[in-house]
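J.: The following file, start.txt, comprises compact mmCIF, C-alpha atoms:
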# COMPACT_ATOMS: atom_id res chain seq x y z
CA MET P 60 -37.36 -6.38 -20.82
CA ILE P 61 -34.08 -6.58 -18.93
CA GLU P 62 -31.44 -8.65 -20.68
CA LEU P 63 -29.41 -10.61 -18.14
CA PRO P 64 -25.71 -11.23 -18.85
CA LEU P 65 -24.82 -14.71 -19.95
CA LYS P 66 -22.49 -16.72 -17.75
CA ASN P 67 -19.03 -15.89 -18.93
CA MET P 68 -16.52 -18.70 -18.79
CA ASP P 69 -13.67 -16.39 -19.63
CA THR P 70 -11.06 -16.18 -16.89
CA GLY P 71 -10.52 -12.51 -17.58
CA LYS P 72 -7.50 -10.48 -18.44
CA TYR P 73 -4.52 -10.96 -16.20
CA PHE P 74 -0.92 -9.97 -15.69
CA ARG P 75 -0.31 -12.64 -13.08
CA ALA P 76 -1.43 -16.24 -13.43
CA GLY P 77 -3.21 -16.11 -10.07
CA ASP P 78 -5.52 -13.32 -11.25
CA GLN P 79 -7.36 -15.73 -13.51
CA ALA P 80 -10.76 -16.65 -12.13
CA GLU P 81 -13.90 -17.91 -13.70
CA LEU P 82 -16.07 -14.90 -14.29
CA ALA P 83 -19.43 -15.84 -12.83
CA ASN P 84 -21.62 -12.85 -13.57
CA ASP P 85 -24.23 -14.84 -11.66
CA GLY P 86 -25.43 -12.21 -9.22
CA VAL P 87 -23.71 -13.83 -6.22
CA ASP P 88 -22.70 -11.23 -3.64
CA ARG P 89 -18.94 -10.96 -3.53
CA THR P 90 -18.72 -7.97 -1.21
CA ILE P 91 -15.57 -8.13 0.88
CA GLU P 92 -16.29 -8.86 4.55
CA LEU P 93 -15.58 -5.74 6.59
CA ALA P 94 -16.18 -7.17 10.07
CA PRO P 95 -12.52 -8.13 10.63
CA PHE P 96 -11.56 -4.44 10.44
CA VAL P 97 -14.36 -2.82 12.41
CA GLY P 98 -13.66 -1.53 15.90
CA THR P 99 -11.50 0.79 17.95
CA TRP P 100 -7.84 -0.01 17.54
CA ILE P 101 -5.25 1.15 20.06
CA ASN P 102 -1.52 1.46 19.39
CA THR P 103 0.45 -1.26 21.14
CA MET P 104 3.03 1.36 22.09
CA ARG P 105 1.51 3.38 24.91
CA ASP P 106 3.96 6.24 24.45
CA THR P 107 3.69 6.40 20.67
CA GLN P 108 4.28 9.74 19.04
CA GLY P 109 2.41 8.64 15.95
CA PHE P 110 -1.17 7.49 15.63
CA VAL P 111 -2.66 6.57 19.00
CA LYS P 112 -6.03 5.27 17.94
CA LEU P 113 -7.99 4.27 14.86
CA ILE P 114 -11.74 3.94 14.76
CA VAL P 115 -12.80 1.74 11.85
CA SER P 116 -16.49 1.54 11.05
CA ASN P 117 -18.86 0.06 8.51
CA ARG P 118 -21.72 2.23 7.28
CA ASP P 119 -23.99 0.95 4.56
CA GLY P 120 -21.31 -1.47 3.40
CA LYS P 121 -18.60 1.17 3.18
CA LEU P 122 -15.51 1.21 5.34
CA PHE P 123 -14.44 4.36 7.17
CA VAL P 124 -11.35 5.18 9.20
CA ARG P 125 -10.93 7.93 11.79
CA ALA P 126 -7.38 8.45 12.99
CA PHE P 127 -6.15 10.15 16.14
CA GLY P 128 -2.57 11.35 16.44
CA ALA P 129 -0.53 11.82 19.59
CA ALA P 130 -0.75 15.31 21.06
CA ALA P 131 -1.34 17.02 24.39
CA PRO P 132 -3.54 17.70 26.17
CA ASP P 133 -5.96 16.06 23.72
CA LEU P 134 -5.38 13.71 20.82
CA CYS P 135 -5.36 15.20 17.32
CA ASP P 136 -8.50 14.15 15.53
CA TRP P 137 -7.63 13.67 11.87
CA GLY P 138 -11.25 13.26 10.91
CA GLU P 139 -12.85 10.42 9.03
CA VAL P 140 -12.09 9.20 5.53
CA GLU P 141 -13.46 6.38 3.47
CA ALA P 142 -11.25 3.30 3.18
CA HIS P 143 -10.99 0.67 0.44
CA ALA P 144 -11.08 -2.95 1.57
CA PHE P 145 -9.13 -5.79 -0.04
CA ALA P 146 -9.60 -9.54 0.14
CA ASP P 147 -6.80 -12.06 0.50
CA ARG P 148 -7.36 -13.57 -2.93
CA VAL P 149 -9.05 -12.67 -6.19
CA ASP P 150 -11.77 -15.28 -5.54
CA SER P 151 -12.22 -14.60 -1.84
CA ARG P 152 -14.47 -12.37 0.27
CA LYS P 153 -12.27 -12.53 3.35
CA GLY P 154 -11.05 -9.06 4.32
CA ALA P 155 -7.24 -8.94 4.47
CA GLY P 156 -6.39 -5.27 4.38
CA PHE P 157 -7.52 -1.78 3.58
CA GLY P 158 -6.14 1.46 2.25
CA ALA P 159 -7.05 5.04 3.09
CA HIS P 160 -5.73 8.47 2.34
CA TYR P 161 -5.44 11.80 4.13
CA ASP P 162 -4.42 15.04 2.47
CA THR P 163 -3.95 17.93 4.90
CA GLY P 164 -2.60 20.29 2.28
CA SER P 165 0.94 20.15 3.63
CA ILE P 166 1.19 16.39 4.14
CA ASP P 167 -0.18 13.56 2.01
CA VAL P 168 -0.57 10.40 4.12
CA ALA P 169 -1.41 7.03 2.61
CA PHE P 170 -2.47 4.22 4.91
CA GLN P 171 -1.78 0.60 4.14
CA ALA P 172 -3.32 -1.66 6.77
CA ASN P 173 -3.38 -5.41 7.03
CA MET P 174 -4.49 -7.91 9.61
CA ASN P 175 -1.97 -10.27 11.16
CA LEU P 176 -2.62 -12.63 14.06
CA GLY P 177 -5.23 -10.36 15.60
CA LEU P 178 -3.21 -7.19 15.15
CA LEU P 179 -3.88 -4.40 12.72
CA VAL P 180 -0.57 -3.46 11.14
CA LEU P 181 -0.54 0.08 9.80
CA LEU P 182 2.08 1.35 7.42
CA SER P 183 1.74 5.07 6.78
CA PHE P 184 3.49 6.76 3.87
CA ASN P 185 4.05 10.44 4.66
CA ARG P 186 4.82 12.76 1.79
CA PHE P 187 5.48 16.44 2.52
CA LYS P 188 4.14 18.99 0.05
CA ASP P 189 5.10 22.18 1.85
CA GLY P 190 8.65 22.58 0.59
CA SER P 191 9.97 22.32 4.13
CA GLY P 192 12.75 19.97 3.08
CA ARG P 193 11.58 17.26 5.45
CA ALA P 194 12.19 13.79 4.03
CA ASN P 195 9.18 11.77 2.94
CA TYR P 196 9.10 8.82 5.33
CA ILE P 197 7.20 5.71 6.34
CA CYS P 198 6.12 4.54 9.74
CA ARG P 199 4.92 1.08 10.83
CA GLU P 200 2.69 0.76 13.87
CA PHE P 201 0.73 -2.04 15.46
CA PHE P 202 -2.74 -1.83 16.94
CA HIS P 203 -4.87 -4.10 19.09
CA ARG P 204 -8.64 -4.03 19.46
CA MET J 151 2.03 25.65 11.77
CA THR J 152 -1.14 23.79 12.66
CA PHE J 153 -1.23 20.33 14.13
CA ARG J 154 -2.27 18.94 10.77
CA ASP J 155 1.20 19.82 9.41
CA PHE J 156 2.54 16.68 11.00
CA THR J 157 1.34 13.16 11.59
CA SER J 158 3.77 12.48 14.39
CA VAL J 159 5.09 14.76 17.08
CA VAL J 160 8.58 14.06 15.76
CA ASP J 161 7.61 15.70 12.46
CA TYR J 162 7.34 19.07 14.15
CA ARG J 163 10.63 20.83 14.04
CA THR J 164 11.34 23.69 16.37
CA ARG J 165 13.94 25.13 14.11
CA GLU J 166 13.68 26.02 10.47
CA ALA J 167 14.37 23.11 8.18
CA ASN J 168 16.15 23.53 4.89
CA SER J 169 13.67 24.69 2.34
CA GLY J 170 12.90 22.85 -0.85
CA PRO J 171 11.55 19.45 -1.79
CA SER J 172 12.39 16.27 0.08
CA ARG J 173 15.63 14.70 -1.18
CA VAL J 174 15.81 11.01 -0.43
CA ASP J 175 18.49 8.87 -2.09
CA PRO J 176 16.79 5.99 -3.94
CA SER J 177 19.98 4.03 -4.73
CA PRO J 178 19.43 1.29 -2.08
CA PHE J 179 16.70 -0.10 -4.33
CA ALA J 180 18.64 -0.12 -7.60
CA GLY J 181 19.22 -3.66 -8.88
CA THR J 182 17.39 -6.88 -9.69
CA TRP J 183 15.09 -8.38 -7.08
CA VAL J 184 13.38 -11.77 -7.27
CA ASN J 185 10.52 -13.27 -5.26
CA THR J 186 11.46 -15.63 -2.42
CA ASN J 187 8.28 -17.61 -3.14
CA ASP J 188 8.60 -19.51 -6.38
CA SER J 189 5.25 -21.25 -6.24
CA ALA J 190 2.49 -18.68 -5.66
CA PRO J 191 0.70 -17.88 -8.94
CA HIS J 192 -0.40 -14.41 -7.87
CA ARG J 193 3.12 -13.21 -7.22
CA ILE J 194 5.32 -10.62 -8.79
CA ALA J 195 8.19 -12.62 -10.26
CA LYS J 196 10.90 -9.98 -10.60
CA LEU J 197 11.66 -6.29 -10.40
CA VAL J 198 14.51 -4.48 -12.07
CA MET J 199 15.05 -1.02 -10.64
CA SER J 200 17.30 1.80 -11.71
CA VAL J 201 17.85 5.45 -10.93
CA ARG J 202 17.55 7.93 -13.78
CA ASP J 203 17.88 11.67 -13.19
CA GLY J 204 17.39 11.03 -9.49
CA ILE J 205 14.11 9.16 -10.02
CA LEU J 206 13.68 5.53 -9.05
CA MET J 207 12.29 3.59 -12.03
CA VAL J 208 10.58 0.25 -11.38
CA HIS J 209 10.20 -2.44 -14.05
CA ALA J 210 8.11 -5.41 -12.91
CA TRP J 211 7.16 -8.83 -14.23
CA GLY J 212 4.26 -10.93 -12.98
CA TYR J 213 4.34 -14.70 -12.77
CA CYS J 214 2.85 -16.15 -15.97
CA THR J 215 3.57 -19.20 -18.07
CA PRO J 216 5.46 -19.91 -20.20
CA GLU J 217 7.13 -16.52 -19.75
CA PRO J 218 6.67 -13.85 -17.08
CA CYS J 219 4.22 -11.08 -17.97
CA ASP J 220 5.99 -7.77 -18.54
CA TRP J 221 4.28 -5.01 -16.56
CA GLY J 222 6.43 -2.26 -18.03
CA GLU J 223 8.28 0.46 -16.17
CA VAL J 224 6.94 3.23 -13.95
CA PRO J 225 8.48 5.89 -11.70
CA ALA J 226 8.35 5.45 -7.95
CA GLU J 227 7.99 7.77 -4.97
CA VAL J 228 10.66 7.06 -2.35
CA TYR J 229 10.50 7.39 1.43
CA ALA J 230 13.04 7.43 4.24
CA ASP J 231 12.53 6.02 7.73
CA SER J 232 12.41 9.45 9.36
CA ILE J 233 12.14 13.08 8.38
CA ASN J 234 15.84 13.55 9.11
CA SER J 235 17.06 10.69 6.93
CA GLN J 236 18.14 11.03 3.32
CA THR J 237 18.34 7.31 2.50
CA ALA J 238 15.36 5.53 0.99
CA MET J 239 14.00 2.46 2.73
CA SER J 240 10.61 2.42 1.03
CA PHE J 241 8.89 3.29 -2.21
CA THR J 242 5.43 3.31 -3.75
CA ALA J 243 4.62 2.73 -7.41
CA ALA J 244 1.46 2.20 -9.42
CA PHE J 245 0.72 0.11 -12.50
CA ASP J 246 -2.46 0.79 -14.48
CA PHE J 247 -3.37 -2.11 -16.73
CA GLY J 248 -6.70 -0.63 -17.78
CA PHE J 249 -8.81 -3.44 -16.36
CA MET J 250 -6.89 -3.39 -13.07
CA GLU J 251 -4.72 -1.05 -11.03
CA THR J 252 -1.93 -2.50 -8.93
CA SER J 253 -0.21 -0.38 -6.31
CA LEU J 254 3.09 -1.40 -4.77
CA GLN J 255 4.05 -0.29 -1.29
CA THR J 256 7.45 -1.53 -0.23
CA ASN J 257 10.00 -1.40 2.52
CA LEU J 258 13.43 -2.83 3.13
CA LYS J 259 13.88 -5.10 6.09
CA ARG J 260 17.04 -6.97 7.01
CA GLY J 261 18.26 -7.24 3.46
CA THR J 262 14.91 -8.25 2.01
CA MET J 263 12.39 -6.10 0.25
CA VAL J 264 8.83 -6.50 1.45
CA ILE J 265 6.21 -5.60 -1.13
CA ALA J 266 2.54 -5.21 -0.35
CA THR J 267 0.28 -4.93 -3.36
CA THR J 268 -3.28 -3.72 -3.56
CA ASN J 269 -5.13 -4.75 -6.68
CA LYS J 270 -8.34 -3.08 -7.83
CA PHE J 271 -10.37 -4.46 -10.71
CA SER J 272 -12.42 -2.15 -12.89
CA ASP J 273 -13.63 -4.62 -15.51
CA LEU J 274 -16.77 -5.75 -13.68
CA SER J 275 -15.45 -9.31 -13.83
CA GLY J 276 -16.62 -10.06 -10.31
CA ARG J 277 -13.09 -10.67 -9.06
CA SER J 278 -12.38 -9.33 -5.57
CA ASP J 279 -10.01 -6.47 -5.07
CA TYR J 280 -7.22 -8.14 -3.14
CA TYR J 281 -4.08 -7.59 -1.11
CA THR J 282 -0.79 -9.48 -1.14
CA ARG J 283 2.43 -9.34 0.81
CA GLU J 284 5.56 -10.73 -0.82
CA PHE J 285 9.28 -10.89 -0.08
CA PHE J 286 12.18 -10.31 -2.44
CA TYR J 287 15.94 -10.67 -2.36
CA GLU J 288 18.51 -9.02 -4.58
CA ILE J 289 20.51 -10.98 -7.14
CA ASP J 290 23.76 -10.02 -8.78
CA ASP J 291 22.67 -10.17 -12.37
CA ASP J 292 19.66 -10.12 -14.61
CA SER J 293 19.89 -13.74 -15.63
CA PHE J 294 16.61 -14.67 -13.92
I'd like the structure from this file rewritten - as structure tokens, please.
T.:
Amino acid sequence: MIELPLKNMDTGKYFRAGDQAELANDGVDRTIELAPFVGTWINTMRDTQGFVKLIVSNRDGKLFVRAFGAAAPDLCDWGEVEAHAFADRVDSRKGAGFGAHYDTGSIDVAFQANMNLGLLVLLSFNRFKDGSGRANYICREFFHR
Amino acid sequence: MTFRDFTSVVDYRTREANSGPSRVDPSPFAGTWVNTNDSAPHRIAKLVMSVRDGILMVHAWGYCTPEPCDWGEVPAEVYADSINSQTAMSFTAAFDFGFMETSLQTNLKRGTMVIATTNKFSDLSGRSDYYTREFFYEIDDDSF
């Protein structure tokens, strides 16, 4: 016999008042909506020297990102990594942003992406691991679908 | 050097760079920063940041009543705005509360500090992992 969890009226642990939410444990699907992120996103700067294109896809409820960097004659395909989606509130399913991570061995790149007025805003945190002395730096880019 | 050694064409340097780890000065962040939004319950209320042995240390408080919730202090990773710069304009830091992990990703913009947080719950409470974006300004003292 499977014992179902009782409805828990606790609001849960929190370190910010807004993180309190009635804990339902009622089986309602609270999967974050991924549709706002899915598609092919193109950098608004046509001559960007950073990321030219992002392909964001949903497979079996998981979010994936494939990034393409500027290069010639062909774009640099960074491959595909799984992304983690975030809602806009603790009690919401509306997708507001996602994070992803690339590790090439010499560079560690963390993506922080959020949606704003139809644009995908990408902030990339680039941390060098190769002892080349290059400064770790961030880059903000904007993409349209 | 393969193409995966740089994310942007400007990362590729045609001459040898100085060897060694990245040295970015974190001092622009040192001080006390308070949230511009004094009404949102999910906000970070205050950060007090200092530099110790070249490391940026971040002490944060979340908005709670009657007193702010002390998140404790963690080290941060700092970032410049280009590979040739030595002045920090961004940092990342992570707080692990056990039931939740909060990551801060920040940048300075026109005298304000913009903080994006990602918050992941691991307590099976049913709460959504969520994202916030908040703005902070620096104050002269710690009387907040």
J.: Could you tell me which of J:Asp220, J:Val201, J:Ala195, J:Ala238 comes closest to Asp175 of chain J if we count only C-alpha atoms?
T.: J:Ala238
J.: For chain P, which of J:Phe247, J:Tyr229, J:Phe179, J:Phe286 is the closest residue, counting all atoms listed in the file?
T.: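 Selected residue with least distance to chain P: J:Tyr229.
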J.: If you measure from atom CA of Gly261 of chain J to atom CA of Thr215 of chain J, what distance in Å do you get, rounded to one decimal?
T.: 28.7 Å
J.: Output the contact residues of chain P with respect to chain J at a cut-off of 6 Å, based on all atoms listed in the file, as JSON, numbers by chain.
T.: {"P": [74, 75, 76, 77, 82, 108, 109, 145, 146, 147, 148, 149, 150, 165, 190, 191, 192, 193, 194, 195, 196, 197]}
J.: Have a look at atom CA of Asp119 of chain P and atom CA of Val180 of chain P and let me know their distance in Å, one decimal.
T.: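 These two atoms are separated by 24.7 Å.
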J.: To one decimal in Å, tell me the separation between atom CA of Leu113 of chain P and atom CA of Pro132 of chain P.
T.: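 Atom CA of Pro132 of chain P lies at a distance of 18.1 Å from atom CA of Leu113 of chain P.
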J.: Just checking: using all atoms listed in the file, which residue out of J:Asp290, J:Glu217, J:Ala226, J:Asp188 ends up closest to Ile205 of chain J?
T.: J:Ala226
J.: Considering all atoms listed in the file, tabulate each residue of segment 87-110 of chain P that lies at most 12 Å from segment 139-143 of chain P along with its nearest interatomic pair and the corresponding distance in Å to one decimal; arrange the rows by chain and ascending residue number and present them as a tab-separated table.
T.:
residue	atom	partner	partner_atom	distance
P:Thr90	CA	P:His143	CA	11.7
P:Ile91	CA	P:His143	CA	9.9
P:Glu92	CA	P:His143	CA	11.7
P:Leu93	CA	P:His143	CA	10.0
P:Phe96	CA	P:Ala142	CA	10.6
P:Val97	CA	P:Ala142	CA	11.5
J.: Please determine, counting only C-alpha atoms, which residue among P:Lys72, P:Arg199, P:Lys112, P:Lys153 has the shortest atom-to-atom distance to Ala94 of chain P.
T.: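 Counting only C-alpha atoms, the residue closest to Ala94 of chain P is P:Lys153.
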J.: So, counting only C-alpha atoms, which residue among P:Ser116, P:Asn173, P:Thr107, P:Asn185 is closest to His160 of chain P?
T.: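 So, comparing all the options, the nearest one is P:Asn185.
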J.: Taking 6 positions as the minimum chain separation for residues in the same chain, which residues sit within 8 Å of Thr262 of chain J when counting all atoms listed in the file? Answer as a count of residues only.
T.: 4
J.: Using all atoms listed in the file for the distances, tell me which of P:Tyr73, P:Leu182, P:Asn102, P:Thr163 is nearest to Glu251 of chain J.
T.: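 Among P:Tyr73, P:Leu182, P:Asn102, P:Thr163, it is P:Tyr73 that comes nearest to Glu251 of chain J.
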J.: Please provide as a VMD selection string all residues within 10 Å of Val198 of chain J, with the sequence filter that same-chain residues fewer than 3 positions apart are discarded (counting all atoms listed in the file).
T.: chain J and resid 179 to 184 207 to 211 223 288 291 to 292
J.: Kindly complete segment 218-236 of chain J to N, CA and C atoms; the output should be written as a compact mmCIF listing (two decimals), in the frame of the given file.
T.:
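Output file result-v8.txt is given in full below:
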# COMPACT_ATOMS: atom_id res chain seq x y z
N PRO J 218 7.26 -14.87 -17.96
CA PRO J 218 6.67 -13.85 -17.08
C PRO J 218 5.98 -12.76 -17.89
N CYS J 219 4.94 -12.17 -17.32
CA CYS J 219 4.22 -11.08 -17.97
C CYS J 219 4.92 -9.76 -17.66
N ASP J 220 5.27 -9.04 -18.70
CA ASP J 220 5.99 -7.77 -18.54
C ASP J 220 5.00 -6.68 -18.18
N TRP J 221 5.16 -6.07 -17.01
CA TRP J 221 4.28 -5.01 -16.56
C TRP J 221 4.72 -3.64 -17.06
N GLY J 222 5.91 -3.56 -17.63
CA GLY J 222 6.43 -2.26 -18.03
C GLY J 222 7.12 -1.55 -16.89
N GLU J 223 7.50 -0.31 -17.13
CA GLU J 223 8.28 0.46 -16.17
C GLU J 223 7.55 1.73 -15.76
N VAL J 224 7.60 2.03 -14.47
CA VAL J 224 6.94 3.23 -13.95
C VAL J 224 7.87 3.92 -12.95
N PRO J 225 7.69 5.21 -12.74
CA PRO J 225 8.48 5.89 -11.70
C PRO J 225 7.90 5.61 -10.33
N ALA J 226 8.77 5.71 -9.33
CA ALA J 226 8.35 5.45 -7.95
C ALA J 226 8.56 6.68 -7.08
N GLU J 227 7.81 6.75 -5.99
CA GLU J 227 7.99 7.77 -4.97
C GLU J 227 8.74 7.10 -3.83
N VAL J 228 9.85 7.70 -3.38
CA VAL J 228 10.66 7.06 -2.35
C VAL J 228 10.45 7.72 -0.99
N TYR J 229 10.70 6.94 0.06
CA TYR J 229 10.50 7.39 1.43
C TYR J 229 11.67 6.93 2.29
N ALA J 230 12.02 7.78 3.26
CA ALA J 230 13.04 7.43 4.24
C ALA J 230 12.36 6.86 5.48
N ASP J 231 13.14 6.54 6.51
CA ASP J 231 12.53 6.02 7.73
C ASP J 231 12.31 7.09 8.78
N SER J 232 12.70 8.33 8.47
CA SER J 232 12.41 9.45 9.36
C SER J 232 12.56 10.73 8.57
N ILE J 233 12.06 11.82 9.10
CA ILE J 233 12.14 13.08 8.38
C ILE J 233 13.56 13.59 8.28
N ASN J 234 14.46 13.07 9.11
CA ASN J 234 15.84 13.55 9.11
C ASN J 234 16.76 12.69 8.25
N SER J 235 16.23 11.61 7.71
CA SER J 235 17.06 10.69 6.93
C SER J 235 17.01 11.05 5.46
N GLN J 236 18.09 10.76 4.75
CA GLN J 236 18.14 11.03 3.32
C GLN J 236 18.27 9.74 2.51
